[in-house]
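To be precise, the following lines are final_11.txt, and they hold compact mmCIF, C-alpha atoms.
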# COMPACT_ATOMS: atom_id res chain seq x y z
CA MET A 990 1.81 114.42 15.72
CA PRO A 991 3.21 115.87 12.46
CA VAL A 992 4.64 113.61 9.79
CA SER A 993 8.41 113.99 9.56
CA PRO A 994 9.77 115.09 6.16
CA ALA A 995 11.70 111.81 5.90
CA ALA A 996 8.42 109.89 6.24
CA ILE A 997 6.80 111.61 3.26
CA PRO A 998 6.60 109.20 0.34
CA GLY A 999 6.08 110.00 -3.30
CA ASP A 1000 4.92 113.14 -4.99
CA LEU A 1001 2.60 115.95 -4.01
CA GLN A 1002 -0.05 116.92 -6.56
CA LEU A 1003 -2.95 119.34 -6.85
CA ARG A 1004 -6.09 117.84 -8.43
CA ARG A 1005 -8.87 120.21 -9.43
CA LEU A 1006 -12.24 119.26 -8.04
CA ALA A 1007 -15.43 119.51 -10.08
CA GLY A 1008 -17.84 120.34 -7.27
CA SER A 1009 -19.64 117.01 -7.04
CA PRO A 1010 -21.16 115.60 -3.83
CA ARG A 1011 -18.19 113.21 -3.74
CA ASP A 1012 -15.83 116.21 -3.83
CA ALA A 1013 -17.78 117.87 -1.01
CA ALA A 1014 -17.43 114.70 1.08
CA LEU A 1015 -13.69 114.60 0.36
CA LEU A 1016 -13.30 118.21 1.50
CA GLN A 1017 -15.41 117.51 4.58
CA ARG A 1018 -12.96 114.75 5.57
CA VAL A 1019 -10.05 117.19 5.15
CA VAL A 1020 -11.74 119.79 7.37
CA GLU A 1021 -12.54 117.15 9.99
CA ALA A 1022 -8.89 116.03 9.92
CA ALA A 1023 -7.90 119.59 10.92
CA PRO A 1024 -9.95 120.18 14.09
CA ARG A 1025 -7.43 122.60 15.60
CA PHE A 1026 -7.95 124.92 12.60
CA ALA A 1027 -11.75 124.77 12.90
CA HIS A 1028 -11.62 125.42 16.63
CA LEU A 1029 -9.25 128.36 16.18
CA LEU A 1030 -11.49 129.99 13.57
CA SER A 1031 -14.91 129.27 15.08
CA GLY A 1032 -14.36 128.10 18.64
CA ALA A 1033 -16.03 124.80 17.76
CA ALA A 1034 -15.51 121.52 15.93
CA PRO A 1035 -15.92 121.51 12.14
CA GLY A 1036 -19.52 121.83 11.00
CA PRO A 1037 -21.23 119.14 8.91
CA HIS A 1038 -21.41 121.18 5.68
CA GLU A 1039 -17.99 122.80 5.48
CA GLY A 1040 -16.93 120.69 2.48
CA GLU A 1041 -19.93 121.97 0.54
CA GLU A 1042 -19.19 125.54 1.61
CA ILE A 1043 -15.61 125.35 0.36
CA LEU A 1044 -16.98 124.39 -3.06
CA SER A 1045 -19.74 126.99 -3.17
CA LEU A 1046 -18.75 130.15 -1.29
CA LEU A 1047 -17.74 133.05 -3.53
CA PRO A 1048 -16.89 136.70 -2.99
CA GLU A 1049 -19.46 139.17 -4.26
CA GLY A 1050 -19.27 139.62 -8.02
CA LYS A 1051 -17.47 136.33 -8.69
CA THR A 1052 -18.85 133.20 -10.38
CA GLN A 1053 -18.02 129.51 -10.20
CA GLY A 1054 -15.95 130.06 -13.36
CA ASP A 1055 -13.57 132.19 -11.26
CA LYS A 1056 -13.23 129.53 -8.53
CA PHE A 1057 -10.65 126.75 -8.45
CA VAL A 1058 -10.79 124.17 -5.66
CA PHE A 1059 -8.03 121.58 -5.49
CA ALA A 1060 -7.43 118.46 -3.47
CA ILE A 1061 -3.83 118.27 -2.24
CA GLU A 1062 -2.82 114.66 -2.79
CA LEU A 1063 0.20 112.75 -1.60
CA ASP A 1064 0.57 109.44 -3.44
CA GLY A 1065 -3.08 109.70 -4.46
CA VAL A 1066 -4.33 110.27 -0.91
CA CYS A 1067 -6.07 113.57 -0.18
CA ILE A 1068 -4.27 115.32 2.67
CA GLY A 1069 -5.51 118.88 2.18
CA CYS A 1070 -7.24 121.40 -0.05
CA VAL A 1071 -6.86 124.77 -1.73
CA ASP A 1072 -9.55 127.32 -2.60
CA LEU A 1073 -8.40 129.86 -5.19
CA ILE A 1074 -10.29 132.76 -6.77
CA ARG A 1075 -9.08 134.23 -10.06
CA ASP A 1076 -9.12 138.00 -10.62
CA TYR A 1077 -10.05 138.88 -7.06
CA PRO A 1078 -10.32 141.57 -5.90
CA ASP A 1079 -8.91 142.86 -9.21
CA PRO A 1080 -7.71 141.29 -12.48
CA GLN A 1081 -4.05 141.31 -11.35
CA THR A 1082 -4.72 139.24 -8.23
CA ALA A 1083 -5.40 135.59 -7.42
CA HIS A 1084 -6.88 135.19 -3.95
CA ILE A 1085 -6.14 132.10 -1.86
CA GLY A 1086 -9.27 131.63 0.21
CA LEU A 1087 -7.97 128.50 1.92
CA LEU A 1088 -4.85 126.36 2.04
CA LEU A 1089 -5.53 123.60 4.55
CA LEU A 1090 -3.68 120.43 5.45
CA ALA A 1091 -4.89 117.64 7.69
CA GLN A 1092 -3.23 118.11 11.09
CA ALA A 1093 -1.15 114.96 10.74
CA TYR A 1094 0.64 116.50 7.75
CA GLU A 1095 1.45 119.91 9.23
CA GLY A 1096 5.05 120.92 9.78
CA ALA A 1097 6.54 118.68 7.09
CA GLY A 1098 6.97 121.26 4.30
CA LEU A 1099 3.79 120.23 2.49
CA GLY A 1100 2.14 123.64 2.86
CA ARG A 1101 5.17 125.27 1.25
CA ALA A 1102 5.22 122.63 -1.50
CA SER A 1103 1.48 123.09 -2.11
CA LEU A 1104 1.92 126.85 -2.34
CA ALA A 1105 4.68 126.37 -4.93
CA ARG A 1106 2.23 124.36 -7.05
CA ILE A 1107 -0.42 127.07 -6.66
CA GLU A 1108 2.09 129.69 -7.77
CA ALA A 1109 3.03 127.58 -10.81
CA PHE A 1110 -0.65 127.20 -11.72
CA VAL A 1111 -1.40 130.92 -11.34
CA SER A 1112 1.71 131.92 -13.30
CA GLY A 1113 -0.20 130.66 -16.36
CA TRP A 1114 -2.66 133.54 -15.96
CA PRO A 1115 -0.92 136.36 -17.87
CA GLU A 1116 -2.93 139.14 -16.20
CA CYS A 1117 -2.10 137.93 -12.69
CA SER A 1118 0.89 139.53 -10.97
CA ARG A 1119 0.22 138.77 -7.29
CA LEU A 1120 -1.23 136.32 -4.82
CA ARG A 1121 -3.42 137.50 -1.95
CA VAL A 1122 -4.52 135.80 1.25
CA GLY A 1123 -6.62 136.85 4.22
CA ILE A 1124 -5.40 135.54 7.57
CA VAL A 1125 -7.44 135.57 10.74
CA GLU A 1126 -5.30 137.56 13.16
CA ARG A 1127 -5.64 135.07 16.02
CA ASN A 1128 -4.11 132.33 13.83
CA ALA A 1129 -0.46 132.99 14.74
CA ARG A 1130 0.79 129.84 12.99
CA ALA A 1131 -0.80 130.95 9.73
CA LEU A 1132 0.59 134.48 10.03
CA ASP A 1133 4.05 133.02 10.51
CA PHE A 1134 3.64 130.54 7.62
CA TRP A 1135 2.52 133.15 5.09
CA ALA A 1136 5.26 135.60 6.14
CA ARG A 1137 7.90 132.86 5.71
CA GLN A 1138 6.56 132.30 2.18
CA GLY A 1139 7.22 135.93 1.24
CA PHE A 1140 3.74 137.37 1.79
CA MET A 1141 3.68 140.89 3.19
CA PRO A 1142 0.88 142.69 5.06
CA THR A 1143 -0.95 145.31 3.02
CA GLY A 1144 -2.34 147.12 6.06
CA GLU A 1145 -5.86 146.25 4.92
CA THR A 1146 -8.05 144.56 7.53
CA GLN A 1147 -11.58 143.20 7.58
CA PRO A 1148 -13.73 142.32 10.58
CA TYR A 1149 -14.04 138.61 11.33
CA GLY A 1150 -16.63 136.92 13.45
CA VAL A 1151 -17.79 133.29 13.40
CA ASP A 1152 -19.70 131.61 16.19
CA LEU A 1153 -17.65 132.19 19.37
CA VAL A 1154 -14.72 133.96 17.70
CA SER A 1155 -14.32 137.66 17.07
CA SER A 1156 -11.13 138.88 15.41
CA GLN A 1157 -10.03 140.52 12.21
CA VAL A 1158 -8.64 139.33 8.89
CA LEU A 1159 -5.27 140.72 7.84
CA ILE A 1160 -4.64 140.90 4.09
CA TYR A 1161 -1.22 139.79 2.82
CA THR A 1162 0.08 139.74 -0.76
CA LYS A 1163 3.06 138.41 -2.66
CA PRO A 1164 4.24 139.20 -6.18
CA ILE A 1165 4.26 136.25 -8.55
CA ALA A 1166 7.76 135.61 -9.81
Could you take the file, read its structure, and then write that structure out as structure tokens?
Amino acid sequence: MPVSPAAIPGDLQLRRLAGSPRDAALLQRVVEAAPRFAHLLSGAAPGPHEGEEILSLLPEGKTQGDKFVFAIELDGVCIGCVDLIRDYPDPQTAHIGLLLLAQAYEGAGLGRASLARIEAFVSGWPECSRLRVGIVERNARALDFWARQGFMPTGETQPYGVDLVSSQVLIYTKPIA
């Protein structure tokens, strides 16, 4: 059951992770606390190494120096994560590879608040003029979320297939204010 906005204490923060085994374990707990997301994207429960993959996976041509992984923390407790790639697929774009909240925290405005913090962070990159996200088409909740945040479809699609799921990724972008 989602946390009601009135039940949310304190302040929401993004804390950059360094890529340590401890960080991988933290991300693994986040993924495991969002089983609906894992099932939607793969047809199965979260795998045992997804935390490590969030820290290590990169698009072709990018390095770890281009990758920013954050824990989303509420009163010091990790409730989600963000994977961000600078200058991808071009120098004017920051790509959000993942914005994930534990299921218990969905629907309380924390995704929107986390995105606002991402936008504030990226606005410090003078070359960057837009945010980009790829959304698996079968994830209707995510499509709705990103559209409500001002992201627009580009018309670009990419094939998507993981385990039992076959779909496509729809690319959305949003100018940075």
- Which residues, protein or nucleic acid, reach to within 8 Å of (-2.4, 138.1, 0.9) in the file's coordinates when using all atoms listed in the file, and can you give that as a list in words?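 Checked against the point, the hits come out as His1084, Ile1085, Leu1120, Arg1121, Val1122, Gly1123, Ile1124, Phe1140, Met1141, Pro1142, Thr1143, Leu1159, Ile1160, Tyr1161, Thr1162 and Lys1163 of chain A.
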- Quick one: everything within 9 Å of Pro1048 in chain A, counting all atoms listed in the file, minus sequence neighbours fewer than 4 positions away in the same chain. Send it as a PyMOL selection string. chain A and resi 1052+1074+1077-1078
- Any idea what the distance is between CA of Cys1070 in chain A and CA of Glu1095 in chain A?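 Computed distance, CA of Cys1070 in chain A to CA of Glu1095 in chain A, equals 12.8 Å.
Between Leu1089 in chain A and the residues A:Arg1101, A:Lys1056, A:Arg1119, A:Arg1005, the shortest atom-to-atom distance, using all atoms listed in the file, involves A:Arg1101.
If you count all atoms listed in the file and ignore residues fewer than 3 places along the chain from Pro1080 in chain A, what sits within 7 Å of it is Asp1076, Tyr1077, Glu1116 and Cys1117 of chain A.
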Residue neighbourhood Asp1072 in chain A, 12 Å, only C-alpha atoms, exclusion window fewer than 6 positions, as a PDB file with C-alpha atoms, in the frame of the given file:
ATOM      1  CA  LEU A1003      -2.950 119.340  -6.850  1.00  0.00           C
ATOM      2  CA  ARG A1004      -6.090 117.840  -8.430  1.00  0.00           C
ATOM      3  CA  ARG A1005      -8.870 120.210  -9.430  1.00  0.00           C
ATOM      4  CA  LEU A1006     -12.240 119.260  -8.040  1.00  0.00           C
ATOM      5  CA  GLY A1008     -17.840 120.340  -7.270  1.00  0.00           C
ATOM      6  CA  LEU A1016     -13.300 118.210   1.500  1.00  0.00           C
ATOM      7  CA  GLY A1040     -16.930 120.690   2.480  1.00  0.00           C
ATOM      8  CA  GLU A1042     -19.190 125.540   1.610  1.00  0.00           C
ATOM      9  CA  ILE A1043     -15.610 125.350   0.360  1.00  0.00           C
ATOM     10  CA  LEU A1044     -16.980 124.390  -3.060  1.00  0.00           C
ATOM     11  CA  SER A1045     -19.740 126.990  -3.170  1.00  0.00           C
ATOM     12  CA  LEU A1046     -18.750 130.150  -1.290  1.00  0.00           C
ATOM     13  CA  LEU A1047     -17.740 133.050  -3.530  1.00  0.00           C
ATOM     14  CA  PRO A1048     -16.890 136.700  -2.990  1.00  0.00           C
ATOM     15  CA  GLN A1053     -18.020 129.510 -10.200  1.00  0.00           C
ATOM     16  CA  ASP A1055     -13.570 132.190 -11.260  1.00  0.00           C
ATOM     17  CA  LYS A1056     -13.230 129.530  -8.530  1.00  0.00           C
ATOM     18  CA  PHE A1057     -10.650 126.750  -8.450  1.00  0.00           C
ATOM     19  CA  VAL A1058     -10.790 124.170  -5.660  1.00  0.00           C
ATOM     20  CA  PHE A1059      -8.030 121.580  -5.490  1.00  0.00           C
ATOM     21  CA  ALA A1060      -7.430 118.460  -3.470  1.00  0.00           C
ATOM     22  CA  ILE A1061      -3.830 118.270  -2.240  1.00  0.00           C
ATOM     23  CA  ALA A1083      -5.400 135.590  -7.420  1.00  0.00           C
ATOM     24  CA  HIS A1084      -6.880 135.190  -3.950  1.00  0.00           C
ATOM     25  CA  ILE A1085      -6.140 132.100  -1.860  1.00  0.00           C
ATOM     26  CA  GLY A1086      -9.270 131.630   0.210  1.00  0.00           C
ATOM     27  CA  LEU A1087      -7.970 128.500   1.920  1.00  0.00           C
ATOM     28  CA  LEU A1088      -4.850 126.360   2.040  1.00  0.00           C
ATOM     29  CA  LEU A1089      -5.530 123.600   4.550  1.00  0.00           C
ATOM     30  CA  SER A1103       1.480 123.090  -2.110  1.00  0.00           C
ATOM     31  CA  LEU A1104       1.920 126.850  -2.340  1.00  0.00           C
ATOM     32  CA  ILE A1107      -0.420 127.070  -6.660  1.00  0.00           C
ATOM     33  CA  ARG A1121      -3.420 137.500  -1.950  1.00  0.00           C
ATOM     34  CA  VAL A1122      -4.520 135.800   1.250  1.00  0.00           C
TER      35      VAL A1122
END
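Among the candidate residues A:Pro1164, A:Gly1100, A:Gly1032, A:Gly1139, the one lying nearest to Ser1118 in chain A is A:Pro1164, with distances computed using all atoms listed in the file.
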Please, which residues in range 1097-1141 of chain A fall within 12 Å of range 1017-1028 of chain A when counting all atoms listed in the file, and what is the closest atom pair and distance in Å to one decimal for each, ordered by chain then residue number, as CSV?
residue,atom,partner,partner_atom,distance
A:Val1125,CA,A:Phe1026,CA,10.8
A:Arg1127,CA,A:Phe1026,CA,11.0
A:Asn1128,CA,A:Phe1026,CA,8.4
A:Ala1129,CA,A:Phe1026,CA,11.2
A:Arg1130,CA,A:Phe1026,CA,10.0
A:Ala1131,CA,A:Phe1026,CA,9.8
Taking all atoms of range 1089-1098 of chain A that the file lists, what box with edges along x, y and z, padded by 8 Å per side, do you get, with centre and edge lengths in Å to one decimal, as AutoDock Vina command-line options?
--center_x 0.7 --center_y 119.3 --center_z 7.7 --size_x 28.5 --size_y 24.6 --size_z 22.8
- Message: For a quick check of understanding, using only C-alpha atoms, which of A:Arg1075, A:Ala1013, A:Thr1146, A:Pro1035 has the smallest distance to Phe1110 in chain A?
- Response: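 Of A:Arg1075, A:Ala1013, A:Thr1146, A:Pro1035, the one nearest Phe1110 in chain A, counting only C-alpha atoms, is A:Arg1075.
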- Task: In Å, rounded to a single decimal, give me how far CA of Gln1081 in chain A is from CA of Leu1099 in chain A.
- Result: 26.4 Å
- For the atom pair CA of Ala1091 in chain A and CA of Cys1067 in chain A, what is the interatomic distance in Å to one decimal place? 8.9 Å
- Using only C-alpha atoms, which of the listed residues (A:Leu1015, A:Ala1007, A:Ala1097, A:Ala1034) sits closest to Gly1054 in chain A? A:Ala1007
